[in-house]
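Printed here is coords-v4.pdb (PDB, C-alpha atoms):
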```
MODEL        1
ATOM      1  CA  MET T   1     -35.786  11.269  26.223
ATOM      2  CA  THR T   2     -37.457   9.795  29.269
ATOM      3  CA  GLN T   3     -39.834   7.213  27.775
ATOM      4  CA  VAL T   4     -38.397   3.917  26.583
ATOM      5  CA  GLY T   5     -40.164   1.154  24.695
ATOM      6  CA  ILE T   6     -38.728  -2.332  25.099
ATOM      7  CA  ILE T   7     -39.721  -5.063  22.652
ATOM      8  CA  GLY T   8     -38.700  -8.331  24.254
ATOM      9  CA  ALA T   9     -38.983  -9.261  27.931
ATOM     10  CA  GLY T  10     -36.373 -11.984  28.251
ATOM     11  CA  HIS T  11     -33.251 -11.773  30.392
ATOM     12  CA  ILE T  12     -31.793  -8.725  28.635
ATOM     13  CA  GLY T  13     -35.095  -6.893  28.173
ATOM     14  CA  SER T  14     -36.265  -7.305  31.747
ATOM     15  CA  THR T  15     -32.836  -6.407  33.126
ATOM     16  CA  LEU T  16     -32.618  -3.249  31.041
ATOM     17  CA  ALA T  17     -36.169  -2.352  32.067
ATOM     18  CA  ARG T  18     -35.137  -2.645  35.718
ATOM     19  CA  GLY T  19     -32.008  -0.581  35.193
ATOM     20  CA  LEU T  20     -33.831   2.132  33.262
ATOM     21  CA  VAL T  21     -36.605   2.428  35.842
ATOM     22  CA  GLU T  22     -33.961   2.747  38.558
ATOM     23  CA  ARG T  23     -32.443   5.620  36.580
ATOM     24  CA  GLY T  24     -35.703   7.537  36.275
ATOM     25  CA  TYR T  25     -36.975   6.408  32.890
ATOM     26  CA  ASP T  26     -40.565   5.403  32.185
ATOM     27  CA  VAL T  27     -40.738   2.058  30.425
ATOM     28  CA  LYS T  28     -43.339   0.194  28.391
ATOM     29  CA  ILE T  29     -42.314  -3.408  27.803
ATOM     30  CA  ALA T  30     -43.752  -5.984  25.412
ATOM     31  CA  ASN T  31     -43.280  -9.640  24.616
ATOM     32  CA  SER T  32     -44.681 -12.100  22.080
ATOM     33  CA  ARG T  33     -47.217 -13.599  24.490
ATOM     34  CA  GLY T  34     -49.198 -10.484  25.353
ATOM     35  CA  PRO T  35     -49.148  -7.795  28.055
ATOM     36  CA  GLU T  36     -51.195  -9.894  30.482
ATOM     37  CA  THR T  37     -48.223 -12.248  30.847
ATOM     38  CA  LEU T  38     -46.041  -9.375  32.111
ATOM     39  CA  THR T  39     -48.166  -8.491  35.136
ATOM     40  CA  ASP T  40     -45.691  -9.835  37.688
ATOM     41  CA  LEU T  41     -42.692  -8.171  36.031
ATOM     42  CA  VAL T  42     -44.414  -4.792  35.816
ATOM     43  CA  ALA T  43     -45.526  -5.048  39.446
ATOM     44  CA  GLU T  44     -41.944  -5.750  40.453
ATOM     45  CA  LEU T  45     -40.617  -2.826  38.406
ATOM     46  CA  GLY T  46     -43.030  -0.350  39.987
ATOM     47  CA  ASP T  47     -45.016   2.667  38.893
ATOM     48  CA  ARG T  48     -42.642   3.707  36.110
ATOM     49  CA  ALA T  49     -43.288   0.486  34.155
ATOM     50  CA  THR T  50     -46.253  -0.653  32.109
ATOM     51  CA  ALA T  51     -46.868  -3.534  29.732
ATOM     52  CA  GLY T  52     -48.164  -3.316  26.199
ATOM     53  CA  THR T  53     -48.089  -4.850  22.761
ATOM     54  CA  ALA T  54     -45.024  -4.504  20.562
ATOM     55  CA  GLU T  55     -46.812  -1.788  18.600
ATOM     56  CA  GLU T  56     -47.663   0.088  21.788
ATOM     57  CA  ALA T  57     -44.114  -0.162  23.131
ATOM     58  CA  ALA T  58     -42.759   1.043  19.780
ATOM     59  CA  ALA T  59     -45.113   4.022  19.721
ATOM     60  CA  TYR T  60     -44.485   4.876  23.375
ATOM     61  CA  GLY T  61     -40.720   5.145  23.414
ATOM     62  CA  ASP T  62     -38.695   8.246  22.716
ATOM     63  CA  PHE T  63     -36.246   5.513  21.790
ATOM     64  CA  VAL T  64     -36.853   1.778  21.654
ATOM     65  CA  ILE T  65     -34.853  -1.309  22.569
ATOM     66  CA  VAL T  66     -35.350  -4.410  20.424
ATOM     67  CA  THR T  67     -34.267  -7.523  22.287
ATOM     68  CA  VAL T  68     -36.062 -10.428  20.624
ATOM     69  CA  PRO T  69     -34.605 -13.660  19.247
ATOM     70  CA  LEU T  70     -33.046 -12.887  15.878
ATOM     71  CA  LYS T  71     -35.413 -15.289  14.137
ATOM     72  CA  ALA T  72     -38.277 -12.951  15.142
ATOM     73  CA  TYR T  73     -36.752  -9.653  14.044
ATOM     74  CA  GLN T  74     -39.111  -9.298  11.074
ATOM     75  CA  GLU T  75     -42.044  -9.255  13.495
ATOM     76  CA  VAL T  76     -40.840  -5.955  14.961
ATOM     77  CA  PRO T  77     -43.367  -3.255  13.919
ATOM     78  CA  VAL T  78     -42.011  -0.831  11.347
ATOM     79  CA  GLU T  79     -44.310   2.188  11.205
ATOM     80  CA  PRO T  80     -44.358   3.109  14.921
ATOM     81  CA  LEU T  81     -40.542   3.159  14.891
ATOM     82  CA  ALA T  82     -40.224   5.583  11.982
ATOM     83  CA  GLY T  83     -37.712   8.315  12.781
ATOM     84  CA  LYS T  84     -36.752   6.766  16.108
ATOM     85  CA  ILE T  85     -33.459   5.459  17.449
ATOM     86  CA  VAL T  86     -33.628   1.700  17.963
ATOM     87  CA  LEU T  87     -31.135  -0.110  20.175
ATOM     88  CA  ASP T  88     -30.482  -3.635  18.945
ATOM     89  CA  THR T  89     -29.219  -6.280  21.394
ATOM     90  CA  ASN T  90     -29.600  -9.223  18.998
ATOM     91  CA  ASN T  91     -27.123 -12.030  18.486
ATOM     92  CA  TYR T  92     -27.203 -14.898  16.011
ATOM     93  CA  TYR T  93     -27.543 -18.301  17.622
ATOM     94  CA  TRP T  94     -28.104 -20.771  14.796
ATOM     95  CA  GLU T  95     -29.113 -23.384  17.347
ATOM     96  CA  ARG T  96     -32.135 -21.199  18.213
ATOM     97  CA  ASP T  97     -32.649 -19.103  15.087
ATOM     98  CA  GLY T  98     -31.992 -21.698  12.405
ATOM     99  CA  ARG T  99     -29.306 -21.252   9.783
ATOM    100  CA  ILE T 100     -29.396 -17.803   8.151
ATOM    101  CA  PRO T 101     -27.363 -17.979   4.916
ATOM    102  CA  VAL T 102     -26.298 -14.310   4.719
ATOM    103  CA  LEU T 103     -24.879 -14.548   8.229
ATOM    104  CA  GLU T 104     -23.314 -17.939   7.659
ATOM    105  CA  GLU T 105     -21.633 -16.528   4.541
ATOM    106  CA  LYS T 106     -20.532 -13.373   6.406
ATOM    107  CA  LYS T 107     -22.441 -11.154   3.997
ATOM    108  CA  ALA T 108     -24.509  -9.342   6.631
ATOM    109  CA  THR T 109     -24.615  -8.390  10.293
ATOM    110  CA  THR T 110     -27.433  -8.918  12.749
ATOM    111  CA  ALA T 111     -27.861  -5.194  13.331
ATOM    112  CA  GLY T 112     -27.674  -4.530   9.602
ATOM    113  CA  MET T 113     -30.539  -6.949   9.050
ATOM    114  CA  LEU T 114     -32.656  -5.078  11.593
ATOM    115  CA  GLN T 115     -31.754  -1.766   9.938
ATOM    116  CA  GLU T 116     -32.935  -3.122   6.584
ATOM    117  CA  HIS T 117     -36.202  -4.170   8.235
ATOM    118  CA  LEU T 118     -36.551  -0.692   9.785
ATOM    119  CA  PRO T 119     -35.466   1.568   6.917
ATOM    120  CA  THR T 120     -36.903   4.732   8.500
ATOM    121  CA  SER T 121     -35.342   4.103  11.924
ATOM    122  CA  LYS T 122     -31.806   4.664  13.219
ATOM    123  CA  VAL T 123     -30.466   1.359  14.524
ATOM    124  CA  ALA T 124     -27.520   1.087  16.913
ATOM    125  CA  LYS T 125     -25.911  -2.012  18.392
ATOM    126  CA  ALA T 126     -26.088  -2.061  22.186
ATOM    127  CA  PHE T 127     -25.758  -4.446  25.138
ATOM    128  CA  ASN T 128     -25.241  -7.485  22.883
ATOM    129  CA  HIS T 129     -21.887  -8.605  24.293
ATOM    130  CA  ILE T 130     -22.568  -8.576  28.019
ATOM    131  CA  THR T 131     -24.501 -11.144  30.031
ATOM    132  CA  SER T 132     -27.765 -10.036  31.576
ATOM    133  CA  GLN T 133     -26.459 -10.948  35.031
ATOM    134  CA  THR T 134     -23.687  -8.348  34.834
ATOM    135  CA  ILE T 135     -25.509  -5.396  33.268
ATOM    136  CA  LEU T 136     -26.549  -4.091  36.682
ATOM    137  CA  THR T 137     -23.505  -5.240  38.648
ATOM    138  CA  ASP T 138     -20.373  -4.468  36.597
ATOM    139  CA  GLY T 139     -20.864  -0.739  36.136
ATOM    140  CA  ALA T 140     -18.646   1.861  37.832
ATOM    141  CA  PRO T 141     -18.505   5.665  38.006
ATOM    142  CA  ALA T 142     -16.841   7.502  35.132
ATOM    143  CA  GLY T 143     -13.099   7.737  35.602
ATOM    144  CA  THR T 144     -12.825   4.528  37.620
ATOM    145  CA  PRO T 145      -9.596   2.709  36.670
ATOM    146  CA  ASP T 146     -10.266  -0.306  34.419
ATOM    147  CA  ARG T 147     -13.934   0.651  34.076
ATOM    148  CA  ARG T 148     -15.648  -1.956  31.927
ATOM    149  CA  ALA T 149     -16.303  -0.872  28.341
ATOM    150  CA  LEU T 150     -18.983  -1.865  25.854
ATOM    151  CA  ALA T 151     -19.120  -1.397  22.102
ATOM    152  CA  THR T 152     -21.694   0.195  19.858
ATOM    153  CA  ALA T 153     -22.075   0.644  16.102
ATOM    154  CA  SER T 154     -24.480   2.633  13.967
ATOM    155  CA  ASP T 155     -24.814   4.368  10.639
ATOM    156  CA  PHE T 156     -26.143   7.402  12.545
ATOM    157  CA  SER T 157     -23.972   9.394  14.947
ATOM    158  CA  GLU T 158     -26.932  10.462  17.060
ATOM    159  CA  ALA T 159     -27.814   6.804  17.631
ATOM    160  CA  SER T 160     -24.317   5.773  18.725
ATOM    161  CA  ASP T 161     -24.138   8.921  20.890
ATOM    162  CA  LEU T 162     -27.349   7.877  22.643
ATOM    163  CA  VAL T 163     -25.947   4.422  23.321
ATOM    164  CA  ALA T 164     -22.801   5.978  24.776
ATOM    165  CA  SER T 165     -24.943   8.109  27.074
ATOM    166  CA  ILE T 166     -26.970   5.099  28.230
ATOM    167  CA  TYR T 167     -23.805   3.056  28.740
ATOM    168  CA  ASP T 168     -22.384   5.819  30.915
ATOM    169  CA  GLU T 169     -25.552   5.895  33.012
ATOM    170  CA  PHE T 170     -25.207   2.156  33.559
ATOM    171  CA  GLY T 171     -21.538   2.587  34.474
ATOM    172  CA  PHE T 172     -19.676   1.601  31.305
ATOM    173  CA  ASP T 173     -17.223   3.280  28.945
ATOM    174  CA  THR T 174     -17.983   3.171  25.221
ATOM    175  CA  VAL T 175     -15.982   2.107  22.189
ATOM    176  CA  ASN T 176     -17.599   3.059  18.882
ATOM    177  CA  VAL T 177     -16.949   0.353  16.293
ATOM    178  CA  GLY T 178     -18.188   2.549  13.446
ATOM    179  CA  PRO T 179     -20.960   1.715  10.959
ATOM    180  CA  LEU T 180     -23.252  -1.286  11.225
ATOM    181  CA  ALA T 181     -21.241  -3.017   8.503
ATOM    182  CA  ASP T 182     -18.442  -3.357  11.073
ATOM    183  CA  SER T 183     -20.650  -4.503  13.952
ATOM    184  CA  TRP T 184     -19.676  -8.135  13.270
ATOM    185  CA  ARG T 185     -16.551  -7.391  15.329
ATOM    186  CA  VAL T 186     -18.621  -7.586  18.491
ATOM    187  CA  GLU T 187     -20.865 -10.489  17.511
ATOM    188  CA  ARG T 188     -20.823 -14.004  18.906
ATOM    189  CA  ASP T 189     -17.536 -15.943  18.901
ATOM    190  CA  GLN T 190     -15.417 -12.826  18.385
ATOM    191  CA  PRO T 191     -12.715 -11.894  20.952
ATOM    192  CA  ALA T 192     -14.802  -9.039  22.411
ATOM    193  CA  TYR T 193     -17.912 -11.139  22.951
ATOM    194  CA  VAL T 194     -19.122 -11.435  26.594
ATOM    195  CA  VAL T 195     -15.671 -10.739  28.034
ATOM    196  CA  PRO T 196     -15.183  -8.199  30.843
ATOM    197  CA  GLN T 197     -12.733  -5.673  29.387
ATOM    198  CA  ASN T 198     -11.729  -2.066  29.833
ATOM    199  CA  ARG T 199     -11.613   0.425  26.973
ATOM    200  CA  SER T 200      -8.107  -0.406  25.748
ATOM    201  CA  GLU T 201      -8.730  -4.146  26.030
ATOM    202  CA  LEU T 202     -11.983  -3.825  24.098
ATOM    203  CA  GLU T 203     -10.260  -1.802  21.377
ATOM    204  CA  ALA T 204      -7.593  -4.512  21.110
ATOM    205  CA  ASN T 205     -10.181  -7.289  20.979
ATOM    206  CA  LEU T 206     -12.131  -5.501  18.277
ATOM    207  CA  ALA T 207      -8.944  -5.114  16.256
ATOM    208  CA  ARG T 208      -8.220  -8.854  16.648
ATOM    209  CA  ALA T 209     -11.620  -9.873  15.311
ATOM    210  CA  THR T 210     -11.583 -11.959  12.141
ATOM    211  CA  ARG T 211     -14.343 -12.750   9.729
TER     212      ARG T 211
ENDMDL
END
```

The structure given in the file should be rewritten as structure tokens.
Amino acid sequence: MTQVGIIGAGHIGSTLARGLVERGYDVKIANSRGPETLTDLVAELGDRATAGTAEEAAAYGDFVIVTVPLKAYQEVPVEPLAGKIVLDTNNYYWERDGRIPVLEEKKATTAGMLQEHLPTSKVAKAFNHITSQTILTDGAPAGTPDRRALATASDFSEASDLVASIYDEFGFDTVNVGPLADSWRVERDQPAYVVPQNRSELEANLARATR
């Protein structure tokens, strides 16, 4: 898997694009305003990066990262993502996304909502509880004491395994939360959210989460 589609070119999307290009991946990135608005970013990223529409990015990737505001998740193309692993970085910010009753009532998770929208894809939570500024700076080689850890969740083992592999390439240990139904443990306002933590600390924070 060497081609990655990225839908969303904000702080997280552009940072992951940079990190993936640096690690030898080819990237096609998209935003809501059109590929022509990504000219400067693509030029900065170099020859391994191109810009496209969301549909083109979805079709291009061996796997695809969705990093759009949650309120726009239903605009993510469905058919080009059929059968593919989709990494979901979304978080629910009601101030930006508006009130979403099923989330307010704790009846759903953000990643679960994306999985419902993409029924033929394999969604995994990834990179949602780390700031964009630290994705490329906090990593460390495997085996480093107190190496920072990040969580993932998926209903598909191959999807969570892929996230673990990507995390390791970026210099992070992985804690698997389990299925998407449990991914609320790493959502906004939970103890594990945007806190630098090693594996044991992350496991403890996930266990302390309350809903």

Of the residues T:Leu136, T:Val102, T:Ala54, T:Leu202, which is the one nearest to Tyr73 in chain T, using all atoms listed in the file?
T:Ala54

For the interface of range 101-138 of chain T with range 147-157 of chain T (cut-off 9 Å, counting only C-alpha atoms), please tabulate each contacting residue of range 101-138 of chain T alongside its nearest pair of atoms and their separation in Å to one decimal, rows sorted by chain and increasing number, as CSV.
```
residue,atom,partner,partner_atom,distance
T:Ala111,CA,T:Ser154,CA,8.5
T:Gly112,CA,T:Ser154,CA,9.0
T:Lys122,CA,T:Phe156,CA,6.3
T:Val123,CA,T:Ser154,CA,6.1
T:Ala124,CA,T:Ser154,CA,4.5
T:Lys125,CA,T:Thr152,CA,5.0
T:Ala126,CA,T:Thr152,CA,5.5
T:Phe127,CA,T:Leu150,CA,7.3
T:Asn128,CA,T:Ala151,CA,8.7
T:His129,CA,T:Leu150,CA,7.5
T:Ile130,CA,T:Leu150,CA,7.9
T:Asp138,CA,T:Arg148,CA,7.1
```

Once you have the residues from the selection above, write them out as a JSON list (two decimals), keeping the file's coordinate frame, restricted to C-alpha atoms.
```
[["chain", "number", "residue", "atom", "x", "y", "z"],
["T", 111, "ALA", "CA", -27.86, -5.19, 13.33],
["T", 112, "GLY", "CA", -27.67, -4.53, 9.60],
["T", 122, "LYS", "CA", -31.81, 4.66, 13.22],
["T", 123, "VAL", "CA", -30.47, 1.36, 14.52],
["T", 124, "ALA", "CA", -27.52, 1.09, 16.91],
["T", 125, "LYS", "CA", -25.91, -2.01, 18.39],
["T", 126, "ALA", "CA", -26.09, -2.06, 22.19],
["T", 127, "PHE", "CA", -25.76, -4.45, 25.14],
["T", 128, "ASN", "CA", -25.24, -7.48, 22.88],
["T", 129, "HIS", "CA", -21.89, -8.60, 24.29],
["T", 130, "ILE", "CA", -22.57, -8.58, 28.02],
["T", 138, "ASP", "CA", -20.37, -4.47, 36.60]]
```

Show which residues sit within 10 Å of Val86 in chain T, as an NGL selection string. Count only C-alpha atoms, and ignore same-chain residues fewer than 2 positions away.
:T and (5-6 or 58 or 61-66 or 81-84 or 88-89 or 114-115 or 118 or 121-126 or 159 or 162-163)

Go ahead and find all residues with at least one atom no further than 9 Å from (-43.8, 5.9, 36.8) in the file's coordinates, using only C-alpha atoms; report them as a list in words.
Val21, Gly24, Tyr25, Asp26, Val27, Gly46, Asp47, Arg48, Ala49 and Thr50 of chain T

One decimal, Å: what's the distance from CA of Leu45 in chain T over to CA of Arg18 in chain T, could you say?
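Separation between CA of Leu45 in chain T and CA of Arg18 in chain T: 6.1 Å.
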
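Taking only C-alpha atoms, the non-local environment of Gln190 in chain T within 12 Å (same-chain residues fewer than 2 positions away omitted) comprises T:Asn91, T:His129, T:Ser183, T:Trp184, T:Arg185, T:Val186, T:Glu187, T:Arg188, T:Ala192, T:Tyr193, T:Val194, T:Val195, T:Leu202, T:Ala204, T:Asn205, T:Leu206, T:Ala207, T:Arg208, T:Ala209, T:Thr210, T:Arg211.
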
Do you know which residues the PyMOL selection byres ((chain T and resi 171) around 8) returns on this file, as number ranges by chain?
T: 138-142, 147-148, 167-170, 172-173

Ranking T:Arg199, T:His117, T:Lys107, T:Arg99 by minimum distance to Pro145 in chain T and counting all atoms listed in the file, which one comes first?
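Among the listed residues, the smallest separation from Pro145 in chain T belongs to T:Arg199.
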